[in-house]
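Written below as structure tokens is the structure these notes are about.
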Amino acid sequence: MSWPDLTIGCECGGSDGTSGLAGNPVVGRFYDWMVDRGGICLFEEVVEMIGLRTILSQRAANDTAQHQLEAAYGKAERYCRSVRQYSVSPGNFAGGLTTIEEKSLGAIAKSGSRPIQGVVRVAQRPAHPGLWLMDSVPDENFMQFGYTNPNDTEGIMDLISGGSQIVLFVTGRGSVIGSPIAPLIKITGNERTFRSMSGDIDFNAGTVLAGARTLDEAALDLADLVARTATGEPTKPERLGHREYFITYKHQSTPSLEQGCRA
């Protein structure tokens with residue numbers, strides 16, 4: 001196998017100020033490196049992109065992708081209003097984030113800078129290599145108060161359903177989860193979190209904030225860890241026996257991608 005044979009997903013949870021400054025940007029720089037080598041990179045959490053409509057639209061690879069991105073964003077915004085909840089928590093505030101827009105800017109950093117090829121839905125695999133956004137938001141007719149915004153374990157399962165053989169999970173404040181299906185590589189931009197959870201977190205991106213490594217150096221170190229994981233080296237959550245999972249309940253119909261975009 002080589003890099004073009006891999007599909008990598010990324011989720012973030014328990015975010016703090018370091019997530020958008022180090023944890024997610026290191027993944028984003030690795031995603032750029034991965035896409036340039038012909039791999040597939042998936043990211044999701046559209047509800048954590050509220051306020052970034054223009055940024056998403058400008059990163060579309062073509063007109064079709066732009067239409068898909070704008071449709072996914074619009075649906076996510078309507079969803080948040082419908083359930084009266086935006087994807088920002090007291091823990092995020094305690095970690096230094098102040099608004100959903102600020103959290104969104106940090107969350108999208110994990111996607112890197114390459115053009116977004118389009119939008120896929122839960123359990124749909126990307127059509128070709130490149131960077132793709134997964135829409136995991138319920139469709140319009142399923143929106144109702146009482147449905148929470150996506151949680152971390154569900155998001156991981158969504159990414160696996162889209163073909164991710166390895167999932168990167170960025171956490172600033174710490175989140176003790178794993179996966180029973182695909183290896184989970186846990187990353188933090190918070191050195192204090194890494195020290196206190198060193199048995200559970202695989203990668204310390206906080207060295208970038210400390211000035212010990214550049215983003216490019218950290219991204220190459222992460223690529224090396226991904227390669228070792230792909231060849232069978234267990235991640236720390238695997239060694240600890242973490243097998244948490246969540247059966248997806250964010251209902252979506254199953255039209256073609258083009259029909260979904262028109263909707």
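Scheme for the structure tokens: letters A, B, ... for chains in order shown; per-chain residue numbers from 1; ligand numbers from 1 in order shown.
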- Message: Applying 6 Å and only C-alpha atoms, which residues near Asn190 of chain A remain after dropping the ones on its own chain fewer than 3 positions away? List them as a list in words.
- Response: Thr18, Gly172, Thr193 and Gly206 of chain A
- Task: Select from segment 12-159 of chain A everything DSSP, run on the backbone, classes as helix (DSSP H, G or I), then give the selection as a VMD selection string.
- Result: chain A and resid 17 to 36 46 to 48 53 to 58 63 to 83 90 to 94 100 to 111 140 to 142 152 to 159
- Task: Measuring atom to atom with only C-alpha atoms, identify which of A:Glu77, A:Asp152, A:Glu102, A:Glu191 is nearest to Gly23 of chain A.
- Result: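 Of the candidates, the smallest distance to Gly23 of chain A is held by A:Glu191.
For Ala230 of chain A, the set of protein, DNA and RNA residues having any atom at most 9 Å away, when counting only C-alpha atoms and skipping those fewer than 5 positions along the same chain, is Leu6, Gln165, Ile166, Pro183 and Leu225 of chain A.
Nearest residue to Glu48 of chain A, choosing from A:Lys103, A:Arg121, A:Arg29, A:Arg195 and counting only C-alpha atoms: A:Lys103.
Here atom CA of Phe93 of chain A and atom CA of Gly17 of chain A stand 9.0 Å from one another.
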